[in-house]
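Trainee: I'd like to ask you about the structure that follows.
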Amino acid sequence: MQKRKIISLVIPAYNEQLGILKFHNKLLLPALKSMQEYDFEITYVDDGSTDKTKEILQDIADADRRIRLACLSRNFGKEIATTTGIHISNGDAVICLDADGQHPPKILYKFIDKWEKGAKVIVGVRKSNKNEGVIKKYGSKLFYKLFNQLSGSKQKITPRSTDYRLIDKSVQQEFIKFSERNRITRGLIDWLGFRRDFVYFNSPARLAGNANYQIRDLTKLAVNSFISLSVKPLLFFGYVGLVIFLISLITGIFIIIEQYILGDPMGLKFTGSASLGVFISCLIGIVLMSQSMISIYLSHIHTQTQNRPNYL
């Protein structure tokens, strides 16, 4: 008799007392009932909630042996909570989704179907997000565009992709080797380069309460993404310095020839202050290029300390 496959669900939760019970009973359990051919391991990760989320999840776990509850000692953030759940999962595949209802469990079967067809990573891509603010909407577009330009990776992050995704056990085993502390989970999974497929969905409104991820948190996540997955920001001011140096050098040569060699035939009458300004700009360009050289060494140290594998 063929062994039944185990699907692990990882659900981080932070201060979700108003909606977590509805999510579990009204959304998650009905979705699992339609997939009787699989065994499910459900891991809720309480990310140091300060409300009754932990107690509610404990009651849910006590009533169902498929459910495990991992409680972090304090609020470490969603990325670490998700990482925790991935690390302790035992299934043949791991699916991460949010506990606020914006990652609809009713489409779980779509992820599993694509996994059964051979994809190792199935990414949930949000087509629309109900009640999404203007700043988040256009900020997200700007982030993905800049990130894919700066990352230098051939494996691009798909715009509007989410943490709602399935990873095969083989991907999980490689993911747990990452040692970064400031991380973006979806970026690290994409970096691994396994065969991907996509599930597109419309994100409903939250079941209750307000989003725990505010603009400040999203900005911090974006900065961490650029730093952890790209060294190009280190080199940016080196390019700026090169441009300043070349412009200053060309301007300085022009002043010397026009003013002193040809005797100012164009009547531009460059003053000593103007010449000094060009000279200082040239020095600034040299300083910025020198800092770029230091940045190159820092980028090598940065890459080495991440301790990622050279190949998979």
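Every chain in the structure tokens has a letter given in the order shown (A, B, ...), and although residue numbers restart at 1 in each chain, ligands are simply numbered from 1 in the order shown.
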Find the residues near Ile296 in chain A: any atom within 9 Å, counting only C-alpha atoms, skip ones fewer than 5 places away on the same chain, and give them as number ranges by chain.

Mentor: A: 231, 234-235, 291, 301

Trainee: Next, write the just-selected residues to a file, as a PDB file, in the first residue's frame, keeping C-alpha atoms as the atom set.

Mentor:
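Here's the written file result.pdb:
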ATOM      1  CA  VAL A 231      25.635  44.140  -3.301  1.00  0.00           C
ATOM      2  CA  LEU A 234      27.326  49.278  -2.064  1.00  0.00           C
ATOM      3  CA  LEU A 235      28.673  50.246  -5.477  1.00  0.00           C
ATOM      4  CA  GLN A 291      34.975  54.461  -1.230  1.00  0.00           C
ATOM      5  CA  ILE A 301      32.995  40.023   3.108  1.00  0.00           C
TER       6      ILE A 301
END

Trainee: How many Å lie between CA of Ile107 in chain A and CA of Ile20 in chain A, rounded to one decimal?

Mentor: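 Here the two named atoms are 18.4 Å from each other.
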
Trainee: Calculate how many Å separate CA of Glu79 in chain A from CA of Ala63 in chain A, rounding to one decimal.

Mentor: 27.8 Å

Trainee: Neighbouring residues of range 3-5 of chain A were defined as those with any atom within 10 Å, considering only C-alpha atoms; residues of the same chain fewer than 5 positions away were excluded. Please report them as a ChimeraX atom specification.

Mentor: /A:37-40,91-93

Trainee: Export C-alpha atoms of the chosen residues as a short mmCIF file (atom, residue, chain, number, x, y, z; two decimals), in the first residue's frame?

Mentor:
data_model
loop_
_atom_site.label_atom_id
_atom_site.label_comp_id
_atom_site.auth_asym_id
_atom_site.auth_seq_id
_atom_site.Cartn_x
_atom_site.Cartn_y
_atom_site.Cartn_z
CA GLU A 37 -6.13 11.75 0.08
CA TYR A 38 -3.46 13.68 2.04
CA ASP A 39 -2.46 13.84 5.68
CA PHE A 40 -2.02 17.36 7.00
CA GLY A 91 5.84 16.97 5.50
CA ASP A 92 6.65 16.02 1.93
CA ALA A 93 5.75 19.60 1.05
#

Trainee: With only C-alpha atoms as the atoms that count, which of A:Leu283, A:Val94, A:Ile167, A:Ile255 lies nearest to Val123 in chain A?

Mentor: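 That would be A:Ile167, the residue with the smallest distance to Val123 in chain A.
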
Trainee: Could you give me, as a PyMOL selection string, the residues within 10 Å of Gly48 in chain A, counting only C-alpha atoms and dropping anything in the same chain fewer than 6 positions from it?

Mentor: chain A and resi 13-15+54+71-77+81

Trainee: What does the distance between CA of Val287 in chain A and CA of Pro233 in chain A come to in Å, to one decimal place?

Mentor: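 Value for the CA of Val287 in chain A-CA of Pro233 in chain A distance: 17.0 Å.
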
Trainee: Using only C-alpha atoms, pick whichever of A:Gln173, A:Thr50, A:Ser290, A:Ser248 has the shortest atom-to-atom distance to His87 in chain A.

Mentor: A:Gln173

Trainee: Residues of range 179-212 of chain A in helix (DSSP H, G or I) according to DSSP, as an NGL selection string?

Mentor: :A and (185-192)

Trainee: Find the residues near range 251-254 of chain A: any atom within 8 Å, counting only C-alpha atoms, skip ones fewer than 3 places away on the same chain, and give them as an mmCIF file with C-alpha atoms, in the first residue's frame.

Mentor:
data_model
loop_
_atom_site.group_PDB
_atom_site.id
_atom_site.type_symbol
_atom_site.label_atom_id
_atom_site.label_comp_id
_atom_site.auth_asym_id
_atom_site.auth_seq_id
_atom_site.Cartn_x
_atom_site.Cartn_y
_atom_site.Cartn_z
ATOM 1 C CA ILE A 247 32.317 65.732 -15.702
ATOM 2 C CA SER A 248 34.729 67.703 -13.505
ATOM 3 C CA ILE A 257 42.223 75.378 -22.776
ATOM 4 C CA GLU A 258 39.582 78.117 -23.184
ATOM 5 C CA SER A 275 37.910 76.888 -11.126
ATOM 6 C CA VAL A 278 35.531 72.310 -10.444
ATOM 7 C CA PHE A 279 38.716 71.173 -8.702
#

Trainee: Using only C-alpha atoms, which residues sit within 10 Å of Val125 in chain A once same-chain residues fewer than 3 positions away are excluded, as a list in words?

Mentor: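 The contact residues come out as Ile122, Ser128, Thr158, Pro159, Arg160, Ser161, Thr162, Asp163, Tyr164, Arg165, Phe198, Val199, Tyr200, Phe201, Asn202 and Ser203 of chain A.
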
Trainee: For the residues in the current selection, export N, CA and C atoms as a PDB file, in the first residue's frame.

Mentor:
ATOM      1  N   ILE A 122       5.821  26.555  -5.673  1.00  0.00           N
ATOM      2  CA  ILE A 122       4.622  27.123  -6.266  1.00  0.00           C
ATOM      3  C   ILE A 122       4.325  28.422  -5.526  1.00  0.00           C
ATOM      4  N   SER A 128      -5.282  40.939  -7.109  1.00  0.00           N
ATOM      5  CA  SER A 128      -5.876  42.134  -6.516  1.00  0.00           C
ATOM      6  C   SER A 128      -5.913  41.955  -5.007  1.00  0.00           C
ATOM      7  N   THR A 158       8.796  37.547  -8.833  1.00  0.00           N
ATOM      8  CA  THR A 158       7.614  37.904  -9.607  1.00  0.00           C
ATOM      9  C   THR A 158       6.848  39.021  -8.912  1.00  0.00           C
ATOM     10  N   PRO A 159       6.526  40.106  -9.625  1.00  0.00           N
ATOM     11  CA  PRO A 159       5.748  41.188  -9.023  1.00  0.00           C
ATOM     12  C   PRO A 159       4.446  40.683  -8.408  1.00  0.00           C
ATOM     13  N   ARG A 160       4.124  41.223  -7.216  1.00  0.00           N
ATOM     14  CA  ARG A 160       2.929  40.890  -6.443  1.00  0.00           C
ATOM     15  C   ARG A 160       2.928  39.444  -5.949  1.00  0.00           C
ATOM     16  N   SER A 161       4.105  38.824  -5.966  1.00  0.00           N
ATOM     17  CA  SER A 161       4.198  37.494  -5.360  1.00  0.00           C
ATOM     18  C   SER A 161       4.092  37.629  -3.846  1.00  0.00           C
ATOM     19  N   THR A 162       3.664  36.576  -3.189  1.00  0.00           N
ATOM     20  CA  THR A 162       3.394  36.628  -1.754  1.00  0.00           C
ATOM     21  C   THR A 162       4.133  35.494  -1.039  1.00  0.00           C
ATOM     22  N   ASP A 163       3.957  35.492   0.284  1.00  0.00           N
ATOM     23  CA  ASP A 163       4.504  34.394   1.080  1.00  0.00           C
ATOM     24  C   ASP A 163       3.604  33.162   1.036  1.00  0.00           C
ATOM     25  N   TYR A 164       2.466  33.283   0.383  1.00  0.00           N
ATOM     26  CA  TYR A 164       1.569  32.140   0.180  1.00  0.00           C
ATOM     27  C   TYR A 164       2.201  31.261  -0.898  1.00  0.00           C
ATOM     28  N   ARG A 165       2.906  30.228  -0.464  1.00  0.00           N
ATOM     29  CA  ARG A 165       3.621  29.408  -1.434  1.00  0.00           C
ATOM     30  C   ARG A 165       3.884  28.012  -0.878  1.00  0.00           C
ATOM     31  N   PHE A 198       3.120  28.980 -10.694  1.00  0.00           N
ATOM     32  CA  PHE A 198       2.407  30.078 -10.046  1.00  0.00           C
ATOM     33  C   PHE A 198       0.922  29.790  -9.922  1.00  0.00           C
ATOM     34  N   VAL A 199       0.358  30.288  -8.824  1.00  0.00           N
ATOM     35  CA  VAL A 199      -1.091  30.256  -8.614  1.00  0.00           C
ATOM     36  C   VAL A 199      -1.536  31.697  -8.400  1.00  0.00           C
ATOM     37  N   TYR A 200      -2.476  32.150  -9.214  1.00  0.00           N
ATOM     38  CA  TYR A 200      -2.951  33.530  -9.135  1.00  0.00           C
ATOM     39  C   TYR A 200      -4.272  33.567  -8.362  1.00  0.00           C
ATOM     40  N   PHE A 201      -4.399  34.570  -7.494  1.00  0.00           N
ATOM     41  CA  PHE A 201      -5.604  34.647  -6.668  1.00  0.00           C
ATOM     42  C   PHE A 201      -5.932  36.097  -6.333  1.00  0.00           C
ATOM     43  N   ASN A 202      -7.191  36.323  -6.005  1.00  0.00           N
ATOM     44  CA  ASN A 202      -7.654  37.620  -5.515  1.00  0.00           C
ATOM     45  C   ASN A 202      -7.662  37.572  -3.994  1.00  0.00           C
ATOM     46  N   SER A 203      -7.006  38.524  -3.391  1.00  0.00           N
ATOM     47  CA  SER A 203      -6.881  38.530  -1.941  1.00  0.00           C
ATOM     48  C   SER A 203      -8.084  39.214  -1.299  1.00  0.00           C
TER      49      SER A 203
END

Trainee: Counting only C-alpha atoms, what is within 8 Å of range 21-36 of chain A, bar same-chain residues fewer than 6 positions away, as JSON, numbers by chain?

Mentor: {"A": [56, 99, 100, 101, 104, 105, 106, 107, 108, 109, 207]}

Trainee: Taking only C-alpha atoms into account, name the residue in A:Gly85, A:Gly124, A:Pro204, A:Gly272 that is nearest to Ile176 in chain A.

Mentor: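 Smallest separation from Ile176 in chain A among the options: A:Gly85.
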